[in-house]
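Notes for the one structure printed next.
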Amino acid sequence: MIGVYGGTFNPIHYGHLRTALEVQALFNLDQLRLIPCRQPPHREQPEVLGQTRMEMLQLAIDGVAGFIADSRELDREGPSYMVDTLRSLRQEMPEQSIILFIGADAFLGLEKWHRWQQLFDYAHLVVMTRPNFSLQPESEFFRQRLVSQREMLAAKSAGYLFFQAVTPLDISATQIRQIIATDGNPQFLLPDAVLAFIRQHQLYQAAPLNDRTLNAN
Ligand code: ATP
């Protein structure tokens, strides 16, 4: 079983890392691929280069068994469509179960994703929710794919929808960027090694220096 965890990771923080670790154990994943997007289709371009976000990701997961920093979206031209990412993984792993993990917030906007229905041709979709938070998908498309047992995902390589409660940590990259821009201290919201890198490269400052790591990718 292969997990896919996509994001802007601008920067990666403990909200991402804790949930990634939990789903790795819950779904008994052989590998969890954390995939930074080059150009998110639905949002503003992050002001930090993809390569820089990748370096922070690598620092964050250094030594974590089974976690892989996957650069395929950064290596591809144009917008980062998850459906293209899953198709390329599927070509590499024709038989494996692949699970795409997304947050409940992302799931609420899923129907705006490029060719979103085809995500289910290549992978299962697991929505990470807060405990005791139940999302009842209204569309027939989702209801047909919804399963209530985690174990069901091993029965097929793709095509199911499952809701998994994870530990909610109220951390966002936006909050971290704001803390840094206002000269605050975001320690303990993200790994120390990532924070040291941010300070070294003076990322997320209110008045950015003309640093090679800044400006759009
Ligand atoms: P931003 O604040 O810049 O929007 P973010 O912190 O939400 O960023 P993303 O990189 O956009 O991070 O998120 C990638 C994925 O991680 C999404 O599926 C999102 O739902 C999930 N995620 C983000 N923060 C958390 C958190 N604190 N707990 C659980 N999942 C999270």
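A note on labels: chains of the structure tokens are A, B, ... as shown, every chain counts residues from 1, and ligands are counted from 1 in their shown order.
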List every residue of region 110-149 of chain A that has an atom at most 6 Å from any atom of region 153-160 of chain A, and for each one report the closest atom pair and its distance in Å to one decimal, counting only C-alpha atoms, with rows sorted by chain and then by increasing residue number, as CSV.
residue,atom,partner,partner_atom,distance
A:Phe120,CA,A:Gly159,CA,4.4
A:Asp121,CA,A:Gly159,CA,5.9
A:Tyr122,CA,A:Ala158,CA,5.6
A:Ala123,CA,A:Ala158,CA,4.0
A:His124,CA,A:Ala158,CA,4.6
A:Arg145,CA,A:Tyr160,CA,4.8
A:Leu146,CA,A:Tyr160,CA,5.9
Restricting it to N, CA and C atoms, dump the selection as an mmCIF file, in the first residue's frame.
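Full text of part-v7.cif as output:
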data_model
loop_
_atom_site.group_PDB
_atom_site.id
_atom_site.type_symbol
_atom_site.label_atom_id
_atom_site.label_comp_id
_atom_site.auth_asym_id
_atom_site.auth_seq_id
_atom_site.Cartn_x
_atom_site.Cartn_y
_atom_site.Cartn_z
ATOM 1 N N PHE A 120 -10.116 8.587 -8.917
ATOM 2 C CA PHE A 120 -10.527 7.282 -8.409
ATOM 3 C C PHE A 120 -10.159 6.142 -9.356
ATOM 4 N N ASP A 121 -9.776 6.471 -10.593
ATOM 5 C CA ASP A 121 -9.291 5.425 -11.500
ATOM 6 C C ASP A 121 -7.894 4.965 -11.091
ATOM 7 N N TYR A 122 -7.169 5.873 -10.442
ATOM 8 C CA TYR A 122 -5.760 5.586 -10.141
ATOM 9 C C TYR A 122 -5.498 5.288 -8.668
ATOM 10 N N ALA A 123 -6.399 5.744 -7.780
ATOM 11 C CA ALA A 123 -6.122 5.629 -6.335
ATOM 12 C C ALA A 123 -7.421 5.588 -5.536
ATOM 13 N N HIS A 124 -7.311 5.155 -4.291
ATOM 14 C CA HIS A 124 -8.371 5.391 -3.306
ATOM 15 C C HIS A 124 -8.196 6.812 -2.786
ATOM 16 N N ARG A 145 -18.837 5.107 -3.863
ATOM 17 C CA ARG A 145 -17.452 4.706 -3.622
ATOM 18 C C ARG A 145 -17.089 4.620 -2.142
ATOM 19 N N LEU A 146 -17.991 5.119 -1.299
ATOM 20 C CA LEU A 146 -17.711 5.204 0.133
ATOM 21 C C LEU A 146 -17.678 3.816 0.783
#
* Enumerate as a PyMOL selection string all residues of region 42-170 of chain A assigned to alpha helix (DSSP H) by DSSP on the backbone, naming them with the chain letters and numbers the document uses. => chain A and resi 50-61+82-92+104-108+119-122+140-145
Next, dump the selected residues to file, keeping only N, CA and C atoms, as a CSV table (one decimal), in the first residue's frame.
chain,number,residue,atom,x,y,z
A,50,GLY,N,9.8,26.1,-5.5
A,50,GLY,CA,9.5,24.7,-5.2
A,50,GLY,C,10.7,24.0,-4.7
A,51,GLN,N,11.9,24.3,-5.2
A,51,GLN,CA,13.1,23.6,-4.8
A,51,GLN,C,13.4,23.9,-3.3
A,52,THR,N,13.1,25.1,-2.9
A,52,THR,CA,13.3,25.5,-1.5
A,52,THR,C,12.3,24.8,-0.6
A,53,ARG,N,11.0,24.7,-1.0
A,53,ARG,CA,10.0,24.0,-0.2
A,53,ARG,C,10.4,22.5,-0.1
A,54,MET,N,11.0,22.0,-1.2
A,54,MET,CA,11.4,20.6,-1.2
A,54,MET,C,12.6,20.4,-0.2
A,55,GLU,N,13.5,21.4,-0.1
A,55,GLU,CA,14.6,21.3,0.8
A,55,GLU,C,14.1,21.2,2.3
A,56,MET,N,13.1,22.1,2.5
A,56,MET,CA,12.5,22.1,3.9
A,56,MET,C,11.8,20.7,4.2
A,57,LEU,N,11.1,20.2,3.2
A,57,LEU,CA,10.5,18.9,3.3
A,57,LEU,C,11.5,17.8,3.6
A,58,GLN,N,12.6,17.8,2.9
A,58,GLN,CA,13.6,16.8,3.1
A,58,GLN,C,14.2,16.9,4.5
A,59,LEU,N,14.4,18.2,5.0
A,59,LEU,CA,14.9,18.3,6.4
A,59,LEU,C,13.9,17.8,7.4
A,60,ALA,N,12.7,18.0,7.1
A,60,ALA,CA,11.6,17.6,8.1
A,60,ALA,C,11.5,16.1,8.2
A,61,ILE,N,11.7,15.4,7.1
A,61,ILE,CA,11.4,13.9,7.1
A,61,ILE,C,12.7,13.1,7.2
A,82,MET,N,-3.3,16.8,-9.6
A,82,MET,CA,-3.1,15.6,-8.9
A,82,MET,C,-3.4,14.4,-9.8
A,83,VAL,N,-4.3,14.5,-10.7
A,83,VAL,CA,-4.7,13.4,-11.5
A,83,VAL,C,-3.5,13.0,-12.4
A,84,ASP,N,-2.7,13.9,-12.8
A,84,ASP,CA,-1.4,13.6,-13.6
A,84,ASP,C,-0.4,12.9,-12.7
A,85,THR,N,-0.3,13.4,-11.5
A,85,THR,CA,0.6,12.8,-10.5
A,85,THR,C,0.2,11.3,-10.2
A,86,LEU,N,-1.1,11.1,-10.0
A,86,LEU,CA,-1.5,9.7,-9.7
A,86,LEU,C,-1.3,8.8,-10.9
A,87,ARG,N,-1.6,9.4,-12.1
A,87,ARG,CA,-1.4,8.5,-13.3
A,87,ARG,C,0.1,8.1,-13.4
A,88,SER,N,1.0,9.0,-13.2
A,88,SER,CA,2.4,8.7,-13.3
A,88,SER,C,2.8,7.6,-12.3
A,89,LEU,N,2.3,7.8,-11.1
A,89,LEU,CA,2.6,6.7,-10.0
A,89,LEU,C,2.0,5.4,-10.4
A,90,ARG,N,0.8,5.4,-11.0
A,90,ARG,CA,0.1,4.2,-11.4
A,90,ARG,C,0.9,3.5,-12.5
A,91,GLN,N,1.5,4.3,-13.4
A,91,GLN,CA,2.3,3.6,-14.4
A,91,GLN,C,3.5,2.9,-13.8
A,92,GLU,N,4.1,3.5,-12.7
A,92,GLU,CA,5.2,2.9,-12.1
A,92,GLU,C,4.8,1.7,-11.3
A,104,ALA,N,-9.9,17.4,5.1
A,104,ALA,CA,-11.4,17.6,4.9
A,104,ALA,C,-11.6,18.9,4.2
A,105,ASP,N,-10.8,19.9,4.5
A,105,ASP,CA,-11.0,21.2,3.8
A,105,ASP,C,-10.8,21.1,2.3
A,106,ALA,N,-9.8,20.3,1.9
A,106,ALA,CA,-9.5,20.0,0.5
A,106,ALA,C,-10.6,19.2,-0.1
A,107,PHE,N,-11.1,18.3,0.6
A,107,PHE,CA,-12.2,17.4,0.1
A,107,PHE,C,-13.4,18.3,-0.3
A,108,LEU,N,-13.7,19.3,0.5
A,108,LEU,CA,-14.9,20.1,0.2
A,108,LEU,C,-14.8,20.9,-1.1
A,119,LEU,N,-9.4,10.7,-10.5
A,119,LEU,CA,-8.5,10.4,-9.3
A,119,LEU,C,-8.8,9.0,-8.9
A,120,PHE,N,-10.1,8.6,-8.9
A,120,PHE,CA,-10.5,7.3,-8.4
A,120,PHE,C,-10.2,6.1,-9.4
A,121,ASP,N,-9.8,6.5,-10.6
A,121,ASP,CA,-9.3,5.4,-11.5
A,121,ASP,C,-7.9,5.0,-11.1
A,122,TYR,N,-7.2,5.9,-10.4
A,122,TYR,CA,-5.8,5.6,-10.1
A,122,TYR,C,-5.5,5.3,-8.7
A,140,GLU,N,-24.1,11.2,-5.5
A,140,GLU,CA,-24.2,9.7,-5.7
A,140,GLU,C,-22.8,9.2,-6.1
A,141,PHE,N,-22.0,10.0,-6.8
A,141,PHE,CA,-20.7,9.6,-7.2
A,141,PHE,C,-19.8,9.2,-5.9
A,142,PHE,N,-19.9,10.0,-4.9
A,142,PHE,CA,-19.1,9.7,-3.7
A,142,PHE,C,-19.8,8.5,-2.9
A,143,ARG,N,-21.1,8.5,-2.8
A,143,ARG,CA,-21.8,7.5,-2.0
A,143,ARG,C,-21.5,6.1,-2.6
A,144,GLN,N,-21.4,6.0,-3.9
A,144,GLN,CA,-21.1,4.7,-4.5
A,144,GLN,C,-19.7,4.2,-4.2
A,145,ARG,N,-18.8,5.1,-3.9
A,145,ARG,CA,-17.5,4.7,-3.6
A,145,ARG,C,-17.1,4.6,-2.1
* **Non-local contacts of Ile179 (chain A) (10 Å; only C-alpha atoms; under 6 positions in same chain excluded) as a list in words** =>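 My list of contacting residues is Ala173, Asn185, Pro186, Tyr204 and Gln205 of chain A.
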* To do: Could you give me, as a PyMOL selection string, the residues within 12 Å of Phe188 (chain A), counting only C-alpha atoms and dropping anything in the same chain fewer than 4 positions from it?
  => chain A and resi 13-15+169+171+176+192-195
* One decimal, Å: what's the distance from CA of Gln202 (chain A) over to CA of Gln187 (chain A), could you say? => 15.3 Å
* Return as a ChimeraX atom specification every polymer residue, whether protein, DNA or RNA, with at least one atom no more than 9 Å from an atom of ligand 1; count only C-alpha atoms and all ligand atoms. => /A:5-20,36-37,43,46,101-107,127-130,166-177
* Write down as a ChimeraX atom specification the residues belonging to region 31-160 of chain A that are assigned strand (DSSP E) by DSSP computed on the backbone. => /A:31-36,67-69,98-103,124-129
Would you put the residues from that selection into a file with N, CA and C atoms, as a tab-separated table (two decimals), in the first residue's frame?
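Saved as selection14.tsv:
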chain	number	residue	atom	x	y	z
A	31	GLN	N	5.14	2.83	1.82
A	31	GLN	CA	5.80	4.14	1.69
A	31	GLN	C	4.74	5.23	1.65
A	32	LEU	N	5.11	6.38	2.16
A	32	LEU	CA	4.24	7.55	2.06
A	32	LEU	C	5.02	8.62	1.29
A	33	ARG	N	4.48	8.99	0.14
A	33	ARG	CA	5.16	9.96	-0.72
A	33	ARG	C	4.60	11.34	-0.48
A	34	LEU	N	5.44	12.22	0.05
A	34	LEU	CA	5.04	13.61	0.24
A	34	LEU	C	5.45	14.37	-1.01
A	35	ILE	N	4.48	15.01	-1.65
A	35	ILE	CA	4.71	15.56	-3.00
A	35	ILE	C	4.39	17.05	-3.02
A	36	PRO	N	5.43	17.90	-2.97
A	36	PRO	CA	5.16	19.34	-3.05
A	36	PRO	C	4.71	19.73	-4.46
A	67	PHE	N	8.97	7.45	4.78
A	67	PHE	CA	8.57	8.73	4.19
A	67	PHE	C	9.50	9.06	3.02
A	68	ILE	N	8.91	9.46	1.90
A	68	ILE	CA	9.69	9.79	0.72
A	68	ILE	C	9.30	11.18	0.23
A	69	ALA	N	10.29	12.03	-0.01
A	69	ALA	CA	10.03	13.34	-0.62
A	69	ALA	C	10.09	13.13	-2.13
A	98	ILE	N	-2.97	2.31	-4.12
A	98	ILE	CA	-2.46	3.66	-3.89
A	98	ILE	C	-3.56	4.44	-3.18
A	99	ILE	N	-3.18	5.16	-2.13
A	99	ILE	CA	-4.15	5.99	-1.40
A	99	ILE	C	-3.71	7.44	-1.48
A	100	LEU	N	-4.62	8.28	-1.94
A	100	LEU	CA	-4.38	9.72	-1.88
A	100	LEU	C	-5.02	10.25	-0.60
A	101	PHE	N	-4.22	10.90	0.24
A	101	PHE	CA	-4.72	11.48	1.50
A	101	PHE	C	-4.95	12.97	1.30
A	102	ILE	N	-6.13	13.43	1.67
A	102	ILE	CA	-6.36	14.88	1.64
A	102	ILE	C	-7.10	15.31	2.90
A	103	GLY	N	-6.95	16.56	3.27
A	103	GLY	CA	-7.66	17.09	4.42
A	103	GLY	C	-9.12	17.32	4.09
A	124	HIS	N	-7.31	5.15	-4.29
A	124	HIS	CA	-8.37	5.39	-3.31
A	124	HIS	C	-8.20	6.81	-2.79
A	125	LEU	N	-9.27	7.35	-2.24
A	125	LEU	CA	-9.17	8.67	-1.63
A	125	LEU	C	-9.52	8.54	-0.15
A	126	VAL	N	-8.61	8.96	0.71
A	126	VAL	CA	-8.88	8.97	2.14
A	126	VAL	C	-8.89	10.42	2.62
A	127	VAL	N	-10.01	10.81	3.21
A	127	VAL	CA	-10.17	12.17	3.71
A	127	VAL	C	-9.85	12.16	5.20
A	128	MET	N	-8.89	12.98	5.58
A	128	MET	CA	-8.48	13.05	6.99
A	128	MET	C	-9.38	14.07	7.71
A	129	THR	N	-10.11	13.57	8.69
A	129	THR	CA	-11.09	14.43	9.37
A	129	THR	C	-10.71	14.59	10.84
